[in-house]
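The structure appears right after this line, and notes come after that.
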Amino acid sequence: MPVQPADVLYTAVATAENGRDGRVATDDGRLDVVVNPPRELGGSGDGTNPEQLFAAGFSACFQSALGVVARREKADISGSTVTTRVGLGKTDDGGFGLRVELTASIPGLDREAALHLVKKAHQVCPYSRATEGNIEVVLDIA
């Protein structure tokens, strides 16, 4: 179910110049970075790239969702981390697409309990919900 305009709580605004080989900045000036294609894609690799920015946002959002789920279930996730790998590759139709691997490390829980929380967080996280049916997201426990 999509978010209705009247229900929006916050809107982030970013503007890109020159696409993957330029600059991207937020309207409040808190983020202002040079973007360059990685060396693997023939770029200089001198700046960050959209996949890194997406991975950073997804990791932070998923970690927060994990916290929400843990509080609901009274689980201790102290010291936990979420690592996100965003792969860019060619699709069958000749275009490009993304693939995401989310790996959570939750030191205080066994693998089964940790995976249970991660699966629940995947249902809560706005990034997970946005990618559902569009991008393959693989969940794992470190």
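Chain identifiers are assigned as A, B, and so on, following the order in which chains appear in the structure tokens; residues are numbered from 1 within each chain, and ligands are numbered from 1 in order of appearance.
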Polymer residues at most 12 Å from Ala60 of chain A, only C-alpha atoms, same-chain spacing of 2 or more positions, as a PDB file with C-alpha atoms, in the first residue's frame:
ATOM      1  CA  LEU A  53      24.928   5.491  -1.348  1.00  0.00           C
ATOM      2  CA  PHE A  54      22.044   3.033  -1.708  1.00  0.00           C
ATOM      3  CA  ALA A  55      23.920   0.420   0.356  1.00  0.00           C
ATOM      4  CA  ALA A  56      24.572   2.968   3.111  1.00  0.00           C
ATOM      5  CA  GLY A  57      20.933   4.065   3.233  1.00  0.00           C
ATOM      6  CA  PHE A  58      19.608   0.506   3.150  1.00  0.00           C
ATOM      7  CA  PHE A  62      17.419  -1.923   8.017  1.00  0.00           C
ATOM      8  CA  GLN A  63      19.382  -1.585  11.272  1.00  0.00           C
ATOM      9  CA  SER A  64      16.636   0.723  12.567  1.00  0.00           C
ATOM     10  CA  ALA A  65      13.926  -1.729  11.499  1.00  0.00           C
ATOM     11  CA  LEU A  66      15.829  -4.479  13.282  1.00  0.00           C
ATOM     12  CA  GLY A  67      15.755  -2.347  16.424  1.00  0.00           C
ATOM     13  CA  SER A  80      24.555  -5.750  16.108  1.00  0.00           C
ATOM     14  CA  THR A  81      25.516  -4.507  12.650  1.00  0.00           C
ATOM     15  CA  VAL A  82      23.974  -4.699   9.203  1.00  0.00           C
ATOM     16  CA  THR A  83      26.179  -4.894   6.121  1.00  0.00           C
ATOM     17  CA  THR A  84      24.560  -4.310   2.748  1.00  0.00           C
ATOM     18  CA  LEU A 102      21.843  -7.920   3.658  1.00  0.00           C
ATOM     19  CA  ALA A 104      23.176  -8.981   9.978  1.00  0.00           C
ATOM     20  CA  CYS A 125      12.025  -1.712   6.679  1.00  0.00           C
ATOM     21  CA  PRO A 126      10.851   0.921   4.156  1.00  0.00           C
ATOM     22  CA  TYR A 127      13.778   0.081   1.833  1.00  0.00           C
ATOM     23  CA  SER A 128      12.836  -3.601   1.925  1.00  0.00           C
TER      24      SER A 128
END
### Task
Within 12 Å of Arg72 of chain A, counting only C-alpha atoms, which residues show up once you throw out same-chain ones fewer than 4 positions away? Write them as a PyMOL selection string, please.
chain A and resi 65-68+76-77+117+120-121+124
For the residues in the current selection, export N, CA, C and O atoms as a CSV table (one decimal), in the first residue's frame.
chain,number,residue,atom,x,y,z
A,65,ALA,N,15.1,-0.8,11.5
A,65,ALA,CA,13.9,-1.7,11.5
A,65,ALA,C,14.2,-2.9,12.4
A,65,ALA,O,13.3,-3.4,13.1
A,66,LEU,N,15.4,-3.4,12.4
A,66,LEU,CA,15.8,-4.5,13.3
A,66,LEU,C,15.6,-4.1,14.7
A,66,LEU,O,15.2,-4.9,15.6
A,67,GLY,N,16.0,-2.9,15.1
A,67,GLY,CA,15.8,-2.3,16.4
A,67,GLY,C,14.3,-2.3,16.8
A,67,GLY,O,13.9,-2.6,17.9
A,68,VAL,N,13.4,-1.9,15.9
A,68,VAL,CA,12.0,-1.8,16.1
A,68,VAL,C,11.5,-3.2,16.4
A,68,VAL,O,10.8,-3.5,17.4
A,76,ASP,N,17.5,-8.7,22.7
A,76,ASP,CA,18.7,-7.8,22.9
A,76,ASP,C,19.6,-7.9,21.6
A,76,ASP,O,20.1,-9.0,21.3
A,77,ILE,N,19.7,-6.8,20.9
A,77,ILE,CA,20.5,-6.8,19.7
A,77,ILE,C,21.7,-5.9,19.9
A,77,ILE,O,22.3,-5.4,18.9
A,117,LEU,N,14.5,-12.5,13.6
A,117,LEU,CA,14.4,-11.0,13.7
A,117,LEU,C,14.7,-10.3,12.4
A,117,LEU,O,14.0,-9.4,12.0
A,120,LYS,N,11.7,-10.6,10.1
A,120,LYS,CA,10.6,-9.6,10.5
A,120,LYS,C,11.0,-8.2,10.2
A,120,LYS,O,10.2,-7.4,9.8
A,121,ALA,N,12.3,-7.8,10.4
A,121,ALA,CA,12.8,-6.5,10.0
A,121,ALA,C,12.6,-6.2,8.5
A,121,ALA,O,12.3,-5.1,8.1
A,124,VAL,N,9.3,-4.8,7.8
A,124,VAL,CA,9.1,-3.5,8.4
A,124,VAL,C,9.9,-2.4,7.7
A,124,VAL,O,9.4,-1.3,7.5
request  = Identify all residues of chain A in alpha helix (DSSP H) (DSSP on the backbone) and supply them as a PyMOL selection string.
outcome  = chain A and resi 50-72+111-124+126-131
Here is a test: counting only C-alpha atoms, which residue of A:Arg30, A:Arg23, A:Arg99, A:Lys90 is nearest to Thr131 of chain A?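 That would be A:Arg99, the residue with the smallest distance to Thr131 of chain A.
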Secondary structure check, strand (DSSP E or B) residues of chain A, as a PDB file with N, CA and C atoms, in the first residue's frame:
ATOM      1  N   ALA A  14      17.502  15.560  -2.801  1.00  0.00           N
ATOM      2  CA  ALA A  14      18.876  15.540  -3.311  1.00  0.00           C
ATOM      3  C   ALA A  14      18.850  15.871  -4.793  1.00  0.00           C
ATOM      4  N   THR A  15      19.878  16.566  -5.241  1.00  0.00           N
ATOM      5  CA  THR A  15      19.989  16.937  -6.642  1.00  0.00           C
ATOM      6  C   THR A  15      21.323  16.440  -7.186  1.00  0.00           C
ATOM      7  N   ALA A  16      21.274  15.799  -8.345  1.00  0.00           N
ATOM      8  CA  ALA A  16      22.487  15.301  -8.996  1.00  0.00           C
ATOM      9  C   ALA A  16      22.823  16.173 -10.193  1.00  0.00           C
ATOM     10  N   GLU A  17      24.115  16.370 -10.389  1.00  0.00           N
ATOM     11  CA  GLU A  17      24.631  17.066 -11.569  1.00  0.00           C
ATOM     12  C   GLU A  17      25.556  16.108 -12.308  1.00  0.00           C
ATOM     13  N   GLY A  22      29.670  13.058 -11.544  1.00  0.00           N
ATOM     14  CA  GLY A  22      29.421  14.449 -11.198  1.00  0.00           C
ATOM     15  C   GLY A  22      29.373  14.664  -9.703  1.00  0.00           C
ATOM     16  N   ARG A  23      28.239  15.150  -9.266  1.00  0.00           N
ATOM     17  CA  ARG A  23      28.084  15.535  -7.866  1.00  0.00           C
ATOM     18  C   ARG A  23      26.630  15.340  -7.473  1.00  0.00           C
ATOM     19  N   VAL A  24      26.413  15.001  -6.199  1.00  0.00           N
ATOM     20  CA  VAL A  24      25.059  14.922  -5.665  1.00  0.00           C
ATOM     21  C   VAL A  24      25.068  15.597  -4.303  1.00  0.00           C
ATOM     22  N   ALA A  25      24.032  16.390  -4.061  1.00  0.00           N
ATOM     23  CA  ALA A  25      23.956  17.129  -2.800  1.00  0.00           C
ATOM     24  C   ALA A  25      22.506  17.216  -2.339  1.00  0.00           C
ATOM     25  N   THR A  26      22.348  17.255  -1.008  1.00  0.00           N
ATOM     26  CA  THR A  26      21.020  17.444  -0.447  1.00  0.00           C
ATOM     27  C   THR A  26      20.740  18.936  -0.310  1.00  0.00           C
ATOM     28  N   ASP A  32      27.060  16.304   0.423  1.00  0.00           N
ATOM     29  CA  ASP A  32      27.534  16.932  -0.808  1.00  0.00           C
ATOM     30  C   ASP A  32      28.751  16.132  -1.252  1.00  0.00           C
ATOM     31  N   VAL A  33      28.552  15.219  -2.192  1.00  0.00           N
ATOM     32  CA  VAL A  33      29.621  14.301  -2.569  1.00  0.00           C
ATOM     33  C   VAL A  33      29.843  14.253  -4.074  1.00  0.00           C
ATOM     34  N   VAL A  34      31.086  13.978  -4.408  1.00  0.00           N
ATOM     35  CA  VAL A  34      31.462  13.723  -5.793  1.00  0.00           C
ATOM     36  C   VAL A  34      31.102  12.276  -6.083  1.00  0.00           C
ATOM     37  N   VAL A  35      30.459  12.050  -7.201  1.00  0.00           N
ATOM     38  CA  VAL A  35      30.148  10.687  -7.628  1.00  0.00           C
ATOM     39  C   VAL A  35      30.903  10.385  -8.912  1.00  0.00           C
ATOM     40  N   THR A  48      32.399   8.542  -4.601  1.00  0.00           N
ATOM     41  CA  THR A  48      31.486   7.454  -4.262  1.00  0.00           C
ATOM     42  C   THR A  48      30.619   7.173  -5.489  1.00  0.00           C
ATOM     43  N   THR A  81      25.211  -5.309  13.837  1.00  0.00           N
ATOM     44  CA  THR A  81      25.516  -4.507  12.650  1.00  0.00           C
ATOM     45  C   THR A  81      24.761  -5.088  11.468  1.00  0.00           C
ATOM     46  N   VAL A  82      24.565  -4.248  10.458  1.00  0.00           N
ATOM     47  CA  VAL A  82      23.974  -4.699   9.203  1.00  0.00           C
ATOM     48  C   VAL A  82      24.897  -4.242   8.079  1.00  0.00           C
ATOM     49  N   THR A  83      25.340  -5.193   7.277  1.00  0.00           N
ATOM     50  CA  THR A  83      26.179  -4.894   6.121  1.00  0.00           C
ATOM     51  C   THR A  83      25.360  -5.157   4.868  1.00  0.00           C
ATOM     52  N   THR A  84      25.330  -4.183   3.988  1.00  0.00           N
ATOM     53  CA  THR A  84      24.560  -4.310   2.748  1.00  0.00           C
ATOM     54  C   THR A  84      25.495  -4.268   1.553  1.00  0.00           C
ATOM     55  N   ARG A  85      25.338  -5.238   0.687  1.00  0.00           N
ATOM     56  CA  ARG A  85      26.088  -5.275  -0.566  1.00  0.00           C
ATOM     57  C   ARG A  85      25.098  -5.046  -1.695  1.00  0.00           C
ATOM     58  N   VAL A  86      25.365  -4.033  -2.496  1.00  0.00           N
ATOM     59  CA  VAL A  86      24.493  -3.728  -3.634  1.00  0.00           C
ATOM     60  C   VAL A  86      25.276  -4.021  -4.908  1.00  0.00           C
ATOM     61  N   GLY A  87      24.789  -4.995  -5.660  1.00  0.00           N
ATOM     62  CA  GLY A  87      25.425  -5.356  -6.924  1.00  0.00           C
ATOM     63  C   GLY A  87      24.675  -4.736  -8.086  1.00  0.00           C
ATOM     64  N   LEU A  88      25.411  -4.227  -9.042  1.00  0.00           N
ATOM     65  CA  LEU A  88      24.854  -3.675 -10.279  1.00  0.00           C
ATOM     66  C   LEU A  88      25.227  -4.624 -11.402  1.00  0.00           C
ATOM     67  N   GLY A  89      24.250  -5.045 -12.169  1.00  0.00           N
ATOM     68  CA  GLY A  89      24.540  -5.968 -13.259  1.00  0.00           C
ATOM     69  C   GLY A  89      23.551  -5.839 -14.395  1.00  0.00           C
ATOM     70  N   LYS A  90      23.836  -6.569 -15.445  1.00  0.00           N
ATOM     71  CA  LYS A  90      22.971  -6.547 -16.629  1.00  0.00           C
ATOM     72  C   LYS A  90      21.778  -7.463 -16.424  1.00  0.00           C
ATOM     73  N   PHE A  96      20.026  -2.624 -16.988  1.00  0.00           N
ATOM     74  CA  PHE A  96      20.788  -2.850 -15.763  1.00  0.00           C
ATOM     75  C   PHE A  96      19.840  -2.973 -14.586  1.00  0.00           C
ATOM     76  N   GLY A  97      20.255  -3.721 -13.597  1.00  0.00           N
ATOM     77  CA  GLY A  97      19.446  -3.902 -12.405  1.00  0.00           C
ATOM     78  C   GLY A  97      20.332  -4.057 -11.183  1.00  0.00           C
ATOM     79  N   LEU A  98      19.700  -4.124 -10.038  1.00  0.00           N
ATOM     80  CA  LEU A  98      20.406  -4.238  -8.772  1.00  0.00           C
ATOM     81  C   LEU A  98      20.082  -5.564  -8.094  1.00  0.00           C
ATOM     82  N   ARG A  99      21.017  -5.992  -7.264  1.00  0.00           N
ATOM     83  CA  ARG A  99      20.835  -7.164  -6.405  1.00  0.00           C
ATOM     84  C   ARG A  99      21.389  -6.769  -5.044  1.00  0.00           C
ATOM     85  N   VAL A 100      20.673  -7.111  -3.981  1.00  0.00           N
ATOM     86  CA  VAL A 100      21.071  -6.705  -2.638  1.00  0.00           C
ATOM     87  C   VAL A 100      21.277  -7.926  -1.755  1.00  0.00           C
ATOM     88  N   GLU A 101      22.358  -7.900  -0.982  1.00  0.00           N
ATOM     89  CA  GLU A 101      22.597  -8.896   0.050  1.00  0.00           C
ATOM     90  C   GLU A 101      22.701  -8.163   1.379  1.00  0.00           C
ATOM     91  N   LEU A 102      21.825  -8.502   2.317  1.00  0.00           N
ATOM     92  CA  LEU A 102      21.843  -7.920   3.658  1.00  0.00           C
ATOM     93  C   LEU A 102      22.360  -8.975   4.625  1.00  0.00           C
ATOM     94  N   THR A 103      23.423  -8.648   5.345  1.00  0.00           N
ATOM     95  CA  THR A 103      23.984  -9.576   6.320  1.00  0.00           C
ATOM     96  C   THR A 103      23.970  -8.904   7.681  1.00  0.00           C
ATOM     97  N   ALA A 104      23.258  -9.515   8.617  1.00  0.00           N
ATOM     98  CA  ALA A 104      23.176  -8.981   9.978  1.00  0.00           C
ATOM     99  C   ALA A 104      24.078  -9.801  10.888  1.00  0.00           C
ATOM    100  N   SER A 105      24.754  -9.101  11.749  1.00  0.00           N
ATOM    101  CA  SER A 105      25.534  -9.734  12.806  1.00  0.00           C
ATOM    102  C   SER A 105      24.880  -9.341  14.125  1.00  0.00           C
ATOM    103  N   GLU A 136      16.097  -8.413  -6.174  1.00  0.00           N
ATOM    104  CA  GLU A 136      16.343  -9.572  -5.323  1.00  0.00           C
ATOM    105  C   GLU A 136      17.097  -9.131  -4.083  1.00  0.00           C
ATOM    106  N   VAL A 137      16.548  -9.439  -2.912  1.00  0.00           N
ATOM    107  CA  VAL A 137      17.187  -9.134  -1.643  1.00  0.00           C
ATOM    108  C   VAL A 137      17.418 -10.449  -0.915  1.00  0.00           C
ATOM    109  N   VAL A 138      18.687 -10.743  -0.659  1.00  0.00           N
ATOM    110  CA  VAL A 138      19.073 -11.966   0.033  1.00  0.00           C
ATOM    111  C   VAL A 138      19.425 -11.601   1.469  1.00  0.00           C
ATOM    112  N   LEU A 139      18.820 -12.321   2.418  1.00  0.00           N
ATOM    113  CA  LEU A 139      19.061 -12.092   3.838  1.00  0.00           C
ATOM    114  C   LEU A 139      20.004 -13.153   4.383  1.00  0.00           C
ATOM    115  N   ASP A 140      20.949 -12.722   5.247  1.00  0.00           N
ATOM    116  CA  ASP A 140      21.879 -13.678   5.830  1.00  0.00           C
ATOM    117  C   ASP A 140      22.285 -13.226   7.212  1.00  0.00           C
ATOM    118  N   ILE A 141      22.845 -14.142   7.972  1.00  0.00           N
ATOM    119  CA  ILE A 141      23.359 -13.881   9.316  1.00  0.00           C
ATOM    120  C   ILE A 141      24.854 -14.158   9.289  1.00  0.00           C
TER     121      ILE A 141
END
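The space between atom CA of Gly133 of chain A and atom CA of Arg111 of chain A spans 26.1 Å.
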